[in-house]
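Take a look at the structure below.
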Amino acid sequence: MAPGLNNKEKKDGASSKETSIHLSNPHLNSMKEDILYHFDLGTGSHDLPAMFGDVKFVCVGGSPWRMKAFIQYIAGELGLGDPNADYPNICAGTDRYSMYKVGPVLSVSHGMGIPSIAIMLHELIKLLYHAKCTNVTVLRIGTSGGIGLEPGTVVITKQSVDALFKPQFEQVILGKTVVRSTDLDEELAQQLLQCSKEIDEFQTVIGNTMCTTDFYEGQARLDGAFCSYTEKEKLSYLKDAYEAGVRNIEMESSVFAAMCKLSGIRAAVVCVTLLNRLEGDQISSSHDLLVNYQQRPQKLVGYFIKKQLQV
């Protein structure tokens, strides 16, 4: 029987839904050991339930440095550790990804672009399943280019859309195109928006996020090594994106949304905008201002986690 969703009950008989991880792969049942190669972890070499069984929140982001900074920040916010401590990288045996943990929070880097985050998510989802985790919320925190928004605005993704503004993720499997939904949890998005209102430190909106396969031409930039379109054509395209509800652009949300939905995982994408793409292509803000911007998704997600844990 393939792994699936479970609803467990409390011992006292009270109805309490515990949603486990769904793996749609019957081949895993016949494997003697599952090696999570890019994490340098495995079911035969590590006691995954003991290491990760208490995880309730997983925060993922592109930069290893940023995810280490997040675990330090959340450790201090939850009162679980020194925010200045040097937390060990659980994936130190590999240079592909970094992983940190404090209490029920796991922080994992995913690199840049759809292929890199997809590989990470395959192994992360299997890790959560093998660890017997339940009721897990996964949140991607990161940076993006905004459309029609002031730099520093945080965007909570409603839907991830492709470069044609369609809410879908396409992947070629065995020579055939497979299309998957990129819907994200609407209730979770609203909860995050409410948290931002309570923080009241920066502008936050809910909008569609365009996920591209490239940073330059795929995002209509004029400053790449190659460019075959005019500035007028660029602006026309970005204005069309805005009219389609797109408020920011990045390179991971589509596969993130699709894989979390397939796994039955509650998920959200929270990205800060570093610039308004209707006004330019290059990021020219000062280092200190960019650091401030990049901390905003961390603050919002950290506040949300504290509220959920009633800390």
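Just so we're on the same page: first chain in the structure tokens is A, next is B, and so on; residues restart at 1 for each chain, and ligands are numbered from 1 in the order they show up.
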Write out as a PyMOL selection string each polymer residue whose atoms come within 8 Å of Arg277 in chain A, counting only C-alpha atoms; drop sequence neighbours fewer than 5 positions from it.
-> chain A and resi 145-148+238
Show me, as JSON lines, the residues of range 231-309 of chain A having an atom within 12 Å of range 103-109 of chain A, each with the closest atom pair and its distance in Å, using only C-alpha atoms.
```
{"residue": "A:Gln298", "atom": "CA", "partner": "A:Ser107", "partner_atom": "CA", "distance": 11.2}
{"residue": "A:Val301", "atom": "CA", "partner": "A:Val105", "partner_atom": "CA", "distance": 11.3}
{"residue": "A:Gly302", "atom": "CA", "partner": "A:Val105", "partner_atom": "CA", "distance": 10.1}
{"residue": "A:Ile305", "atom": "CA", "partner": "A:Val105", "partner_atom": "CA", "distance": 8.7}
{"residue": "A:Lys306", "atom": "CA", "partner": "A:Val105", "partner_atom": "CA", "distance": 10.8}
{"residue": "A:Gln308", "atom": "CA", "partner": "A:Pro104", "partner_atom": "CA", "distance": 11.5}
{"residue": "A:Leu309", "atom": "CA", "partner": "A:Pro104", "partner_atom": "CA", "distance": 9.5}
```
Write out the residues from the selection above, keeping C-alpha atoms, as a short mmCIF file (atom, residue, chain, number, x, y, z; two decimals), in the first residue's frame.
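Resulting contents of part_28.cif:
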```cif
data_model
loop_
_atom_site.label_atom_id
_atom_site.label_comp_id
_atom_site.auth_asym_id
_atom_site.auth_seq_id
_atom_site.Cartn_x
_atom_site.Cartn_y
_atom_site.Cartn_z
CA GLN A 298 11.95 36.17 8.48
CA VAL A 301 7.25 33.97 9.44
CA GLY A 302 8.88 34.06 12.87
CA ILE A 305 5.39 30.50 14.19
CA LYS A 306 5.42 32.13 17.64
CA GLN A 308 0.97 29.18 16.29
CA LEU A 309 3.05 27.80 19.16
#
```
Running DSSP on the backbone, which parts of range 57-283 of chain A land in strand (DSSP E or B), as a CSV table (one decimal) with N, CA and C atoms, in the first residue's frame?
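Result file is states_9.csv:
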```csv
chain,number,residue,atom,x,y,z
A,57,PHE,N,7.3,23.0,11.6
A,57,PHE,CA,7.5,24.1,10.7
A,57,PHE,C,8.8,23.9,10.0
A,58,VAL,N,8.7,24.0,8.7
A,58,VAL,CA,9.9,23.9,7.8
A,58,VAL,C,10.0,25.2,7.0
A,59,CYS,N,11.1,25.9,7.2
A,59,CYS,CA,11.3,27.2,6.4
A,59,CYS,C,12.5,26.9,5.4
A,60,VAL,N,12.2,27.2,4.2
A,60,VAL,CA,13.2,27.0,3.2
A,60,VAL,C,13.5,28.3,2.4
A,61,GLY,N,14.7,28.5,2.0
A,61,GLY,CA,15.2,29.6,1.3
A,61,GLY,C,16.4,29.4,0.5
A,99,MET,N,21.2,22.6,6.4
A,99,MET,CA,20.0,22.3,7.2
A,99,MET,C,20.3,22.6,8.7
A,100,TYR,N,19.4,23.3,9.3
A,100,TYR,CA,19.5,23.6,10.7
A,100,TYR,C,18.2,23.3,11.5
A,101,LYS,N,18.3,23.0,12.7
A,101,LYS,CA,17.1,22.7,13.5
A,101,LYS,C,17.1,23.2,14.9
A,102,VAL,N,16.0,23.8,15.4
A,102,VAL,CA,15.9,24.2,16.8
A,102,VAL,C,14.4,23.9,17.1
A,105,VAL,N,11.3,23.6,14.6
A,105,VAL,CA,11.5,24.3,13.4
A,105,VAL,C,12.8,23.8,12.7
A,106,LEU,N,12.6,23.5,11.4
A,106,LEU,CA,13.7,23.1,10.5
A,106,LEU,C,13.9,24.2,9.5
A,107,SER,N,15.1,24.5,9.2
A,107,SER,CA,15.5,25.6,8.3
A,107,SER,C,16.4,24.9,7.2
A,108,VAL,N,16.1,25.0,6.0
A,108,VAL,CA,16.8,24.3,4.9
A,108,VAL,C,17.0,25.3,3.7
A,109,SER,N,18.2,25.3,3.2
A,109,SER,CA,18.5,26.0,2.0
A,109,SER,C,18.1,25.2,0.7
A,134,THR,N,3.8,15.0,11.5
A,134,THR,CA,2.4,15.3,11.2
A,134,THR,C,2.2,16.8,11.3
A,137,THR,N,3.8,22.5,8.4
A,137,THR,CA,3.7,23.7,7.6
A,137,THR,C,5.0,24.1,7.0
A,138,VAL,N,5.1,24.2,5.7
A,138,VAL,CA,6.3,24.5,5.0
A,138,VAL,C,6.2,25.9,4.4
A,139,LEU,N,7.2,26.8,4.7
A,139,LEU,CA,7.1,28.2,4.2
A,139,LEU,C,8.4,28.5,3.5
A,140,ARG,N,8.3,29.0,2.2
A,140,ARG,CA,9.5,29.5,1.5
A,140,ARG,C,9.6,31.0,1.8
A,141,ILE,N,10.8,31.4,2.3
A,141,ILE,CA,11.1,32.8,2.5
A,141,ILE,C,12.2,33.2,1.5
A,142,GLY,N,12.1,34.4,0.9
A,142,GLY,CA,13.1,34.7,0.0
A,142,GLY,C,12.9,36.2,-0.5
A,143,THR,N,13.6,36.4,-1.7
A,143,THR,CA,13.6,37.7,-2.3
A,143,THR,C,13.0,37.6,-3.7
A,144,SER,N,12.6,38.7,-4.2
A,144,SER,CA,12.0,38.7,-5.5
A,144,SER,C,12.0,40.1,-6.1
A,145,GLY,N,11.6,40.2,-7.4
A,145,GLY,CA,11.4,41.5,-8.1
A,145,GLY,C,10.0,41.8,-8.0
A,146,GLY,N,9.6,43.0,-7.6
A,146,GLY,CA,8.3,43.4,-7.5
A,146,GLY,C,7.7,44.0,-8.8
A,154,VAL,N,6.5,43.1,1.1
A,154,VAL,CA,6.4,41.6,1.3
A,154,VAL,C,5.2,41.1,0.5
A,155,VAL,N,5.4,40.1,-0.3
A,155,VAL,CA,4.3,39.5,-1.1
A,155,VAL,C,4.1,38.1,-0.6
A,156,ILE,N,2.9,37.8,-0.2
A,156,ILE,CA,2.4,36.4,0.2
A,156,ILE,C,1.7,35.9,-1.1
A,157,THR,N,2.2,34.8,-1.6
A,157,THR,CA,1.7,34.3,-2.9
A,157,THR,C,0.3,33.7,-2.7
A,158,LYS,N,-0.6,34.1,-3.6
A,158,LYS,CA,-1.9,33.5,-3.8
A,158,LYS,C,-1.8,32.3,-4.7
A,159,GLN,N,-1.3,32.5,-5.9
A,159,GLN,CA,-1.0,31.4,-6.8
A,159,GLN,C,0.3,31.7,-7.5
A,160,SER,N,1.0,30.6,-7.8
A,160,SER,CA,2.2,30.8,-8.6
A,160,SER,C,1.8,30.6,-10.0
A,161,VAL,N,2.2,31.5,-10.9
A,161,VAL,CA,1.9,31.4,-12.3
A,161,VAL,C,3.2,31.3,-13.1
A,168,GLN,N,0.0,27.0,-13.1
A,168,GLN,CA,0.4,25.6,-13.3
A,168,GLN,C,1.9,25.4,-13.4
A,169,PHE,N,2.3,24.2,-13.1
A,169,PHE,CA,3.7,23.8,-13.3
A,169,PHE,C,3.8,22.7,-14.3
A,170,GLU,N,4.6,22.9,-15.3
A,170,GLU,CA,4.7,21.8,-16.3
A,170,GLU,C,6.1,21.1,-16.2
A,171,GLN,N,6.1,19.8,-16.3
A,171,GLN,CA,7.3,19.0,-16.2
A,171,GLN,C,7.2,17.9,-17.2
A,172,VAL,N,8.3,17.6,-18.0
A,172,VAL,CA,8.3,16.5,-18.9
A,172,VAL,C,8.8,15.3,-18.2
A,173,ILE,N,7.9,14.3,-18.1
A,173,ILE,CA,8.2,13.0,-17.5
A,173,ILE,C,8.0,11.9,-18.5
A,176,LYS,N,6.6,12.9,-21.8
A,176,LYS,CA,5.2,13.5,-21.8
A,176,LYS,C,5.1,14.7,-20.8
A,177,THR,N,4.4,15.7,-21.2
A,177,THR,CA,4.2,16.9,-20.4
A,177,THR,C,3.2,16.6,-19.3
A,178,VAL,N,3.6,16.8,-18.1
A,178,VAL,CA,2.6,16.6,-17.0
A,178,VAL,C,2.4,18.0,-16.4
A,179,VAL,N,1.1,18.4,-16.2
A,179,VAL,CA,0.7,19.7,-15.7
A,179,VAL,C,0.2,19.5,-14.3
A,180,ARG,N,0.7,20.3,-13.4
A,180,ARG,CA,0.3,20.2,-12.0
A,180,ARG,C,-0.2,21.6,-11.4
A,181,SER,N,-1.1,21.6,-10.5
A,181,SER,CA,-1.7,22.8,-9.9
A,181,SER,C,-0.6,23.5,-9.0
A,183,ASP,N,-1.8,25.9,-6.8
A,183,ASP,CA,-2.5,26.6,-5.7
A,183,ASP,C,-1.8,26.4,-4.4
A,204,THR,N,2.6,44.7,3.3
A,204,THR,CA,2.5,43.3,2.9
A,204,THR,C,1.2,43.1,2.1
A,205,VAL,N,1.3,42.4,1.0
A,205,VAL,CA,0.1,42.2,0.1
A,205,VAL,C,0.1,40.7,-0.2
A,206,ILE,N,-1.1,40.3,-0.6
A,206,ILE,CA,-1.3,38.9,-1.2
A,206,ILE,C,-1.5,39.1,-2.7
A,207,GLY,N,-0.7,38.4,-3.5
A,207,GLY,CA,-0.8,38.5,-5.0
A,207,GLY,C,-0.2,37.3,-5.6
A,208,ASN,N,-0.4,37.2,-6.9
A,208,ASN,CA,0.2,36.1,-7.7
A,208,ASN,C,1.7,36.3,-7.9
A,209,THR,N,2.4,35.2,-7.9
A,209,THR,CA,3.9,35.3,-8.1
A,209,THR,C,4.2,34.6,-9.4
A,210,MET,N,4.9,35.3,-10.3
A,210,MET,CA,5.4,34.6,-11.5
A,210,MET,C,6.7,33.9,-11.3
A,211,CYS,N,6.7,32.6,-11.6
A,211,CYS,CA,7.9,31.8,-11.5
A,211,CYS,C,8.5,31.6,-12.8
A,246,VAL,N,-0.2,39.5,-11.1
A,246,VAL,CA,1.2,39.2,-10.7
A,246,VAL,C,1.8,40.4,-9.9
A,247,ARG,N,2.3,40.2,-8.8
A,247,ARG,CA,2.9,41.3,-8.0
A,247,ARG,C,4.4,41.1,-7.7
A,248,ASN,N,4.9,39.9,-8.0
A,248,ASN,CA,6.4,39.7,-7.9
A,248,ASN,C,6.8,38.5,-8.8
A,249,ILE,N,8.1,38.5,-9.0
A,249,ILE,CA,8.7,37.5,-9.9
A,249,ILE,C,9.9,36.8,-9.1
A,250,GLU,N,9.9,35.5,-9.2
A,250,GLU,CA,11.1,34.7,-8.6
A,250,GLU,C,11.2,33.4,-9.4
A,266,ARG,N,0.6,21.8,4.0
A,266,ARG,CA,0.2,23.2,4.1
A,266,ARG,C,1.4,24.1,3.8
A,267,ALA,N,1.3,25.0,2.8
A,267,ALA,CA,2.5,25.7,2.4
A,267,ALA,C,2.2,27.1,2.0
A,268,ALA,N,3.2,28.0,2.1
A,268,ALA,CA,3.1,29.4,1.7
A,268,ALA,C,4.4,29.9,1.2
A,269,VAL,N,4.4,30.9,0.3
A,269,VAL,CA,5.6,31.6,-0.2
A,269,VAL,C,5.5,33.0,0.3
A,270,VAL,N,6.6,33.4,0.9
A,270,VAL,CA,6.6,34.8,1.5
A,270,VAL,C,8.0,35.4,1.0
A,271,CYS,N,7.9,36.4,0.1
A,271,CYS,CA,9.1,37.0,-0.5
A,271,CYS,C,9.0,38.5,-0.4
A,272,VAL,N,10.1,39.1,-0.1
A,272,VAL,CA,10.2,40.5,-0.2
A,272,VAL,C,10.7,41.0,-1.5
A,273,THR,N,10.2,42.2,-2.0
A,273,THR,CA,10.6,42.7,-3.3
A,273,THR,C,11.8,43.6,-3.1
A,274,LEU,N,12.8,43.4,-3.9
A,274,LEU,CA,14.0,44.3,-3.8
A,274,LEU,C,14.0,45.5,-4.7
A,275,LEU,N,13.1,45.5,-5.6
A,275,LEU,CA,13.0,46.6,-6.6
A,275,LEU,C,11.6,46.5,-7.3
A,276,ASN,N,11.2,47.6,-7.9
A,276,ASN,CA,10.1,47.7,-8.7
A,276,ASN,C,10.5,47.5,-10.2
```
In range 38-234 of chain A, DSSP helix (DSSP H, G or I) residues written as a ChimeraX atom specification = /A:38-39,48-52,64-78,114-130,186-199,217-219,231-234
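Of note, CA of Leu290 in chain A and CA of Ala225 in chain A are spaced 24.7 Å apart.
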Residues near range 32-37 of chain A, cut-off 12 Å, only C-alpha atoms, skip fewer than 2 positions along chain, as a PDB file with N, CA and C atoms, in the first residue's frame:
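Output (result31.pdb):
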```pdb
ATOM      1  N   HIS A  27       6.947   2.531  -5.212  1.00  0.00           N
ATOM      2  CA  HIS A  27       8.259   1.874  -5.283  1.00  0.00           C
ATOM      3  C   HIS A  27       9.048   2.012  -3.980  1.00  0.00           C
ATOM      4  N   LEU A  28       8.752   3.050  -3.221  1.00  0.00           N
ATOM      5  CA  LEU A  28       9.498   3.271  -1.978  1.00  0.00           C
ATOM      6  C   LEU A  28       9.273   2.143  -0.977  1.00  0.00           C
ATOM      7  N   ASN A  29       8.114   1.495  -1.054  1.00  0.00           N
ATOM      8  CA  ASN A  29       7.803   0.431  -0.093  1.00  0.00           C
ATOM      9  C   ASN A  29       8.718  -0.776  -0.225  1.00  0.00           C
ATOM     10  N   SER A  30       9.265  -0.988  -1.416  1.00  0.00           N
ATOM     11  CA  SER A  30      10.104  -2.163  -1.655  1.00  0.00           C
ATOM     12  C   SER A  30      11.590  -1.876  -1.452  1.00  0.00           C
ATOM     13  N   PHE A  39      21.260  15.305   1.055  1.00  0.00           N
ATOM     14  CA  PHE A  39      21.271  15.731   2.462  1.00  0.00           C
ATOM     15  C   PHE A  39      22.334  14.983   3.260  1.00  0.00           C
ATOM     16  N   ASP A  40      22.904  13.950   2.680  1.00  0.00           N
ATOM     17  CA  ASP A  40      23.819  13.065   3.395  1.00  0.00           C
ATOM     18  C   ASP A  40      23.118  12.447   4.614  1.00  0.00           C
ATOM     19  N   LEU A  41      21.865  12.029   4.386  1.00  0.00           N
ATOM     20  CA  LEU A  41      21.066  11.366   5.408  1.00  0.00           C
ATOM     21  C   LEU A  41      20.444  10.111   4.801  1.00  0.00           C
ATOM     22  N   GLY A  42      19.920   9.229   5.626  1.00  0.00           N
ATOM     23  CA  GLY A  42      19.279   8.027   5.102  1.00  0.00           C
ATOM     24  C   GLY A  42      18.551   7.262   6.186  1.00  0.00           C
ATOM     25  N   THR A  43      17.613   6.411   5.773  1.00  0.00           N
ATOM     26  CA  THR A  43      16.842   5.633   6.741  1.00  0.00           C
ATOM     27  C   THR A  43      17.684   4.553   7.401  1.00  0.00           C
ATOM     28  N   GLY A  44      18.744   4.125   6.728  1.00  0.00           N
ATOM     29  CA  GLY A  44      19.596   3.092   7.300  1.00  0.00           C
ATOM     30  C   GLY A  44      20.717   3.640   8.164  1.00  0.00           C
ATOM     31  N   SER A  45      21.114   4.868   7.892  1.00  0.00           N
ATOM     32  CA  SER A  45      22.258   5.462   8.592  1.00  0.00           C
ATOM     33  C   SER A  45      21.861   6.409   9.718  1.00  0.00           C
ATOM     34  N   HIS A  46      20.603   6.848   9.733  1.00  0.00           N
ATOM     35  CA  HIS A  46      20.164   7.826  10.734  1.00  0.00           C
ATOM     36  C   HIS A  46      18.796   7.447  11.299  1.00  0.00           C
ATOM     37  N   LEU A  48      15.795   8.886  11.743  1.00  0.00           N
ATOM     38  CA  LEU A  48      15.086  10.088  11.319  1.00  0.00           C
ATOM     39  C   LEU A  48      13.932  10.475  12.233  1.00  0.00           C
ATOM     40  N   CYS A  91      23.470  18.904   7.435  1.00  0.00           N
ATOM     41  CA  CYS A  91      23.917  18.387   6.129  1.00  0.00           C
ATOM     42  C   CYS A  91      25.374  18.720   5.851  1.00  0.00           C
ATOM     43  N   GLY A  93      27.865  16.972   5.704  1.00  0.00           N
ATOM     44  CA  GLY A  93      28.554  15.978   4.891  1.00  0.00           C
ATOM     45  C   GLY A  93      28.400  16.197   3.398  1.00  0.00           C
ATOM     46  N   THR A  94      27.618  17.206   3.002  1.00  0.00           N
ATOM     47  CA  THR A  94      27.443  17.520   1.589  1.00  0.00           C
ATOM     48  C   THR A  94      27.511  19.031   1.405  1.00  0.00           C
ATOM     49  N   ASP A  95      27.882  19.467   0.209  1.00  0.00           N
ATOM     50  CA  ASP A  95      27.938  20.909  -0.047  1.00  0.00           C
ATOM     51  C   ASP A  95      26.756  21.373  -0.887  1.00  0.00           C
ATOM     52  N   ARG A  96      25.732  20.531  -1.049  1.00  0.00           N
ATOM     53  CA  ARG A  96      24.581  20.882  -1.881  1.00  0.00           C
ATOM     54  C   ARG A  96      23.590  21.775  -1.146  1.00  0.00           C
ATOM     55  N   TYR A  97      23.234  21.380   0.072  1.00  0.00           N
ATOM     56  CA  TYR A  97      22.254  22.124   0.845  1.00  0.00           C
ATOM     57  C   TYR A  97      22.730  22.237   2.281  1.00  0.00           C
ATOM     58  N   ILE A 119      14.872  19.134  -6.350  1.00  0.00           N
ATOM     59  CA  ILE A 119      15.679  18.045  -5.786  1.00  0.00           C
ATOM     60  C   ILE A 119      15.601  18.072  -4.264  1.00  0.00           C
ATOM     61  N   MET A 120      15.767  19.271  -3.703  1.00  0.00           N
ATOM     62  CA  MET A 120      15.697  19.412  -2.254  1.00  0.00           C
ATOM     63  C   MET A 120      14.344  18.967  -1.722  1.00  0.00           C
ATOM     64  N   LEU A 121      13.257  19.371  -2.395  1.00  0.00           N
ATOM     65  CA  LEU A 121      11.915  19.049  -1.910  1.00  0.00           C
ATOM     66  C   LEU A 121      11.625  17.551  -1.959  1.00  0.00           C
ATOM     67  N   HIS A 122      12.099  16.850  -2.989  1.00  0.00           N
ATOM     68  CA  HIS A 122      11.912  15.398  -3.039  1.00  0.00           C
ATOM     69  C   HIS A 122      12.469  14.763  -1.765  1.00  0.00           C
ATOM     70  N   GLU A 123      13.668  15.157  -1.398  1.00  0.00           N
ATOM     71  CA  GLU A 123      14.313  14.542  -0.244  1.00  0.00           C
ATOM     72  C   GLU A 123      13.763  15.080   1.068  1.00  0.00           C
ATOM     73  N   LEU A 124      13.373  16.340   1.097  1.00  0.00           N
ATOM     74  CA  LEU A 124      12.762  16.892   2.307  1.00  0.00           C
ATOM     75  C   LEU A 124      11.424  16.227   2.597  1.00  0.00           C
ATOM     76  N   ILE A 125      10.596  16.064   1.586  1.00  0.00           N
ATOM     77  CA  ILE A 125       9.278  15.445   1.777  1.00  0.00           C
ATOM     78  C   ILE A 125       9.440  13.992   2.242  1.00  0.00           C
ATOM     79  N   LYS A 126      10.392  13.281   1.651  1.00  0.00           N
ATOM     80  CA  LYS A 126      10.643  11.905   2.100  1.00  0.00           C
ATOM     81  C   LYS A 126      11.179  11.883   3.527  1.00  0.00           C
ATOM     82  N   LEU A 127      12.034  12.849   3.857  1.00  0.00           N
ATOM     83  CA  LEU A 127      12.555  12.926   5.224  1.00  0.00           C
ATOM     84  C   LEU A 127      11.408  13.100   6.225  1.00  0.00           C
ATOM     85  N   LEU A 128      10.495  14.019   5.923  1.00  0.00           N
ATOM     86  CA  LEU A 128       9.364  14.264   6.829  1.00  0.00           C
ATOM     87  C   LEU A 128       8.484  13.025   6.958  1.00  0.00           C
ATOM     88  N   TYR A 129       8.323  12.292   5.850  1.00  0.00           N
ATOM     89  CA  TYR A 129       7.529  11.062   5.886  1.00  0.00           C
ATOM     90  C   TYR A 129       8.224   9.997   6.744  1.00  0.00           C
ATOM     91  N   HIS A 130       9.496   9.773   6.477  1.00  0.00           N
ATOM     92  CA  HIS A 130      10.234   8.756   7.231  1.00  0.00           C
ATOM     93  C   HIS A 130      10.317   9.108   8.716  1.00  0.00           C
TER      94      HIS A 130
END
```
May I ask which of the residues A:Asp214, A:Glu18, A:Asp223, A:Asp288 is the closest one to Ala163 in chain A, counting only C-alpha atoms?
->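 Closest residue, counting only C-alpha atoms: A:Asp214.
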Nearest to Lys132 in chain A, chosen from A:Pro297, A:Pro88, A:Pro49, A:Gly152, with only C-alpha atoms counted in the distances | A:Pro49
In Å to one decimal, how far is CA of Cys195 in chain A from CA of Ile21 in chain A?
-> 26.3 Å
Pick from A:Leu164, A:Val311, A:Leu289, A:Ala258 nearest to Asp240 in chain A, counting only C-alpha atoms = A:Leu164
Would you mind listing what lies within 8 Å of Met112 in chain A as a PyMOL selection string, with only C-alpha atoms counted and same-chain residues fewer than 3 positions away left out?
-> chain A and resi 62+116-117+251-252
